[in-house]
Amino acid sequence: MTRPHLLPTAEGPYPPTEGMLNAPVSEAEQERGTKELRAAWKTPEGWRYVTAVNNSEVGKWYSLTALAFMLVAGLLALAMRVQLAFPGMTFLDADRFNQFFTMHGSAMMFLFAVPMFEAISILILPAFLGARDMPFPRLSAYGYWCFLIGGIFVMGSLLFDAGPKAGWFMYPPLATKDEGIGPDIWLLGLSFIEVASIAAAVELIVGALKCRPPGMRVNIMPLYAWYVLVVGGMILFAFPPLIAGDFLFELERSFDWPFFDPTRGGDPILWQHLFWIFGHPEVYIVFLPSIAIAAMIVPTVAQRPIVGYSWIVLSAVGTGFLSFGLWVHHMFTTGLPQISLGFFSAASEAVVIPTGIQIFAFVATLMVGRVKLTLPMLWIAGALAIFVAGGLTGVMLAIVPFNWQVHDTYFIVAHLHYTLFGGMVFPLIAGVYYFYPFFTKKLMSEKLGLWAFWLIFSGFNITFLPMHLTGLMGMPRRVFTYPESSGWGWLNLISTLGAFIVAAGFAVFLFDLLRPKKAQGQIARNPWGAGTLEFSHDIPEEAWGARSVPHITSRYPLWDQPGLVARMDAGRYYLADAPDHQRETIVTSVIDAKPVHVQRVTGPAWITILAAIFTGGAFIFPTFHIYTPAIICGAFAIVSVMYWLWTSTARPPKDDMREAGLGLRLPTYASGPDSVGWWGMWITMLGDATAFASVVFGFFFYWTARSDFPPEGAAHPVGLWVAVAALAGVAAWALTVAARETNARGQVALARLALVLAPLAAGAAGVAAWAAVRDLDPTSHVYPAILWALMVWLVVHLSAGVLMQGYCLAGSIFGKMTPRHDADLRNVTLYWHFMAVKALVTTAVLGLAPGWLT
Amino acid sequence: MSDIRDQQDAHEFRAEALSLWRIIFGPLIWALHFVASYGAAALVCAKAAPGAVAGLRMGIGLGTLLALALIFWLGLQAWRQWDLRRDREWENDAGTSEDRHQFLGHAGFLLAVISFIGVVYVVLPALLIGSCA
């Protein structure tokens, strides 16, 4: 690969010496910097406020929206508890009860737990890193608006009595045969939100890898950033199988392709696999970020560095991996071979080790420190107690024979609420108390906090502790009522009373969270005496993130680097001004955080909101089987996204270099692996490749699970067309690579020629793939259906690739892309590397696999 | 005062980029071993004659030995990189190249240990269960 060596690299002294850091900056210079930064980072006012993309604004909206969905889902739970308080209640009928428990679970997982992680991380990650903002602010804003639209759509279905009602895991055939539009709302609405989740994961991973302050090497970055990396990676490998499953499921619902219909060769178990490959890591995706909050609070409370930093990194990474080997423990009763169940039982026990290690590390830190029992610490203590109880029942459930006994009973309900309350809700609330001064520059009330804690803690145990017994006595989950003779009545009544105590606790918490606190006056800048960078924040609030981006040499810079905050405030570190009134942040190298370049970040825009609305249309119209407006919306969504990219990303800068402060001069443009866009593409493509692999897995799954796959005498794809598709796909890739190479050598005309030919080759590949399966009938059997699904997947990705090639061609013609400024083309080439592999795998499955398998 | 364009530093960085990946090689081997064991069991139980289970268990056993050997080797390398015996340094919390280098060794070593235990756990069913039923 030709490196873009024509671009300048960083120059000047680094790392800064003590003498350089002590050199004062003149008053006038400080004032100029402050004024420029204020102008660049100004939050839009009035009705334009919604166009803001700054992480502090988007993060606030995101977390408040997720909180609102959580409260609605909580109210659904209260209604269910009322219905179950006595035998034979008629508060809710069976149908509404089904909708309520389905939406309670779905909303808590998809609209609260995962988005809340993203919301909180968008809010605080840049602050931990002393960064100005996330690398792709408009992507966060786009993700937020998608989440809002999708969430309201899915939740709103309850008001029309049309909510999904097949349980949060939507098992076929119950969900495929459902006559209403409930399952479609679930599949399309939540797929839409999953896309937004992946967008946020990409943003957070790139943020943690490339936007750390100079000097913050991987061994001293805050543990929160490690957790963000792990959880982001997990989202990339966990959500795509579900998206692939949704894709197959919706094809069955809309077009009768029989993926999960056993009468035509399908298999409902495939859905269970795809769902739980997502569903179990999901539990850890929810748990790890909350434990990350604990990892930030515990050292502050103990007033000393965390004990066993490396052990916690081990625990986060180890849990991230092992949690992918657990999914079948949700499927112990589906009749899989004993030996297979054994593997998952063993892995489920093994994951306890890393999970336990981090808890021991926290306890050790508390033991050797001087603990002040603050409110955040109280919630963390509650979390540990409840989570350990949930973990112990988890160990019991990982044992196959015990699991068979309590499968689908209230014992499971008790277990999962203990893990989720202890592993997520309590640490999250601890985080709210802890970071509240950072979010709002105010403090929450100590007295109300104690009330909220004891109400929620006792109410939680009163609700869920009896459920272990209710379950062991045989009460199944998801029943809307039960007879008096069952003997469960009194236990259910206790649970219902407990649920209202929890609700009262949340009411107190909410009141304290949202009440105006004008009388409080200005609070201390670092009220808890924390050691990490977020408490270097400005009071009163400024929108620029950090007045200047510091040079970091310690895990707890506020404790170990005296004078750091004063130097930041005085603009004595990097990027202390904004001469062009542009938003910028500093991009550093992955391992050692050496300054690489200055990245321009995008500012307020309507286009992200428009793009989200059109994307919403593309997902929501198909729910009602209306396709023309959906396609139009999809087209407009693409146009909006391209307009946004064209106008504000990777444009050749006015000046090649910028004075970054402390004598350092940094490039203002980066291309290839130095740039954040390349990393964003690479990470997105990993997720996309996982989804593709899941569809291919489906093909081979049918082959192992069904003796009639492929069926006797079935028609196969046309070999000639399959071969043409493979060749044309590879040609399109080769031409894209050629375009990159010739362009980098300055042979612009040749590059343009390659960029004209490449989309033609890609188009030919798509048409050939379609021609290969055209004569097969996808509704007749799952074999032609999965071949069609692979073809559709390939054609959609080829189309995206064609748009990208066209985008680069236009960039070359209109001067957005030059031989030196070729970030777009390098990112597109990266996409095409993946595309070439996909084309070859797809054509191999289409053309070769039928021959091997029969 | 050193210059940011110092070439020696750039060289060191390239070597270390691999090191960040290397800390997850242990868990990756665990994952491959897990998927291969599960996939092989699913295939043999669905497609092969009942007698094939003995061959399956033998295959899983051999795969396990290979996986454990690889993880052991990775762990040994990481242990040397951590260099605990020389400097008795457990925390590696300074902002220096040396501490970053040793920290990655420490993390890689711990992950190798957990992967080793994970592989041993996963192979237990193949040792203890003799049939697909």
# chains A, B, ... in the order shown; residues from 1 in each chain; ligands from 1
$ residues_around --residues "Gly63 of chain B" --least-positions-apart "5" --cutoff "10 Å" --atoms "only C-alpha atoms" --output "number ranges by chain"
B: 33, 36-37, 57-58, 68-69, 123
$ select_by_dssp --residues "chain B" --states "helix (DSSP H, G or I)" --output "PyMOL selection string"
chain B and resi 7-22+25-47+52-82+84-87+97-128
$ interface_residues --of "chain A" --to "chain B" --cutoff "6 Å" --atoms "only C-alpha atoms" --output "list in words"
Glu11, Gly12, Pro13, Tyr14, Asn219, Ser310, Leu314, Pro337, Gln338, Ile339, Gly342, Phe343, Ala346, Ala350, Thr553 and Ser554 of chain A
$ closest_residue --among "A:Ala238, A:Phe438, A:Val639, A:Arg752" --to "Phe814 of chain A" --atoms "only C-alpha atoms"
A:Arg752
$ closest_residue --among "A:Trp682, A:Gln303, A:Pro579, A:His821" --to "Pro652 of chain A" --atoms "only C-alpha atoms"
A:His821
$ residues_around --residues "Leu75 of chain A" --least-positions-apart "4" --cutoff "9 Å" --atoms "only C-alpha atoms" --output "PyMOL selection string"
chain A and resi 70-71+79-80+104+503
$ write_last_selection --atoms "N, CA and C atoms" --output "PDB file, in the first residue's frame"
ATOM      1  N   MET A  70     -37.445   3.845  30.635  1.00  0.00           N
ATOM      2  CA  MET A  70     -37.337   2.961  31.796  1.00  0.00           C
ATOM      3  C   MET A  70     -38.536   3.145  32.706  1.00  0.00           C
ATOM      4  N   LEU A  71     -38.959   4.400  32.906  1.00  0.00           N
ATOM      5  CA  LEU A  71     -40.092   4.628  33.801  1.00  0.00           C
ATOM      6  C   LEU A  71     -41.361   4.028  33.218  1.00  0.00           C
ATOM      7  N   ALA A  79     -48.226  -2.487  36.741  1.00  0.00           N
ATOM      8  CA  ALA A  79     -49.556  -2.950  36.335  1.00  0.00           C
ATOM      9  C   ALA A  79     -49.614  -4.475  36.391  1.00  0.00           C
ATOM     10  N   MET A  80     -48.523  -5.131  35.963  1.00  0.00           N
ATOM     11  CA  MET A  80     -48.522  -6.597  36.001  1.00  0.00           C
ATOM     12  C   MET A  80     -48.547  -7.089  37.444  1.00  0.00           C
ATOM     13  N   HIS A 104     -42.297  -4.762  28.592  1.00  0.00           N
ATOM     14  CA  HIS A 104     -41.471  -4.500  29.788  1.00  0.00           C
ATOM     15  C   HIS A 104     -40.040  -5.000  29.534  1.00  0.00           C
ATOM     16  N   ALA A 503     -41.281   1.479  43.615  1.00  0.00           N
ATOM     17  CA  ALA A 503     -41.803   2.614  42.852  1.00  0.00           C
ATOM     18  C   ALA A 503     -41.711   3.892  43.673  1.00  0.00           C
TER      19      ALA A 503
END
$ closest_residue --among "A:Leu248, A:Leu493, A:Ala200, A:Met424" --to "Ala119 of chain A" --atoms "only C-alpha atoms"
A:Ala200
$ residues_around --residues "segment 34-36 of chain A" --least-positions-apart "5" --cutoff "12 Å" --atoms "only C-alpha atoms" --output "ChimeraX atom specification"
/A:27-29,41-42,542-544,546-548,568-571,575-584
$ closest_residue --among "A:His330, A:Phe239, A:Phe255, A:Leu450" --to "Gln272 of chain A" --atoms "only C-alpha atoms"
A:His330
$ select_by_dssp --residues "segment 531-751 of chain A" --states "strand (DSSP E)" --output "ChimeraX atom specification"
/A:584-588,595-600,657-661,664-667
$ atom_distance --atom1 "atom CA of Leu378 of chain A" --atom2 "atom CA of Trp454 of chain A"
9.8 Å
$ residues_around --residues "Ala754 of chain A" --least-positions-apart "2" --cutoff "10 Å" --atoms "only C-alpha atoms" --output "ChimeraX atom specification"
/A:732,734-740,742-743,748-752,756-760,805,809
$ write_last_selection --atoms "C-alpha atoms" --output "PDB file, in the first residue's frame"
ATOM      1  CA  ALA A 732     -14.716  -4.266  -8.728  1.00  0.00           C
ATOM      2  CA  ALA A 734      -9.267  -4.717  -7.790  1.00  0.00           C
ATOM      3  CA  LEU A 735     -10.342  -1.570  -9.643  1.00  0.00           C
ATOM      4  CA  THR A 736     -10.994   0.211  -6.348  1.00  0.00           C
ATOM      5  CA  VAL A 737      -7.536  -0.703  -5.086  1.00  0.00           C
ATOM      6  CA  ALA A 738      -6.089   0.423  -8.423  1.00  0.00           C
ATOM      7  CA  ALA A 739      -7.892   3.739  -8.078  1.00  0.00           C
ATOM      8  CA  ARG A 740      -6.365   4.255  -4.634  1.00  0.00           C
ATOM      9  CA  THR A 742      -2.950   5.495  -9.028  1.00  0.00           C
ATOM     10  CA  ASN A 743      -4.535   8.424  -7.222  1.00  0.00           C
ATOM     11  CA  VAL A 748      -5.647  11.261 -11.370  1.00  0.00           C
ATOM     12  CA  ALA A 749      -7.071  10.458 -14.818  1.00  0.00           C
ATOM     13  CA  LEU A 750      -6.283   6.752 -14.386  1.00  0.00           C
ATOM     14  CA  ALA A 751      -7.826   6.777 -10.924  1.00  0.00           C
ATOM     15  CA  ARG A 752     -11.006   8.323 -12.298  1.00  0.00           C
ATOM     16  CA  VAL A 756     -15.869   4.646 -13.539  1.00  0.00           C
ATOM     17  CA  LEU A 757     -15.209   0.978 -14.293  1.00  0.00           C
ATOM     18  CA  ALA A 758     -15.422  -0.272 -10.694  1.00  0.00           C
ATOM     19  CA  PRO A 759     -19.145   0.478 -10.180  1.00  0.00           C
ATOM     20  CA  LEU A 760     -19.886  -1.133 -13.556  1.00  0.00           C
ATOM     21  CA  GLN A 805     -17.178   4.543  -5.489  1.00  0.00           C
ATOM     22  CA  LEU A 809     -15.333   9.803  -8.270  1.00  0.00           C
TER      23      LEU A 809
END
$ residues_around --residues "Ala789 of chain A" --least-positions-apart "4" --cutoff "9 Å" --atoms "only C-alpha atoms" --output "list in words"
Phe247, Leu248, Leu251, Val695, Pro778, Pro784, Ala785, Trp793 and Leu794 of chain A
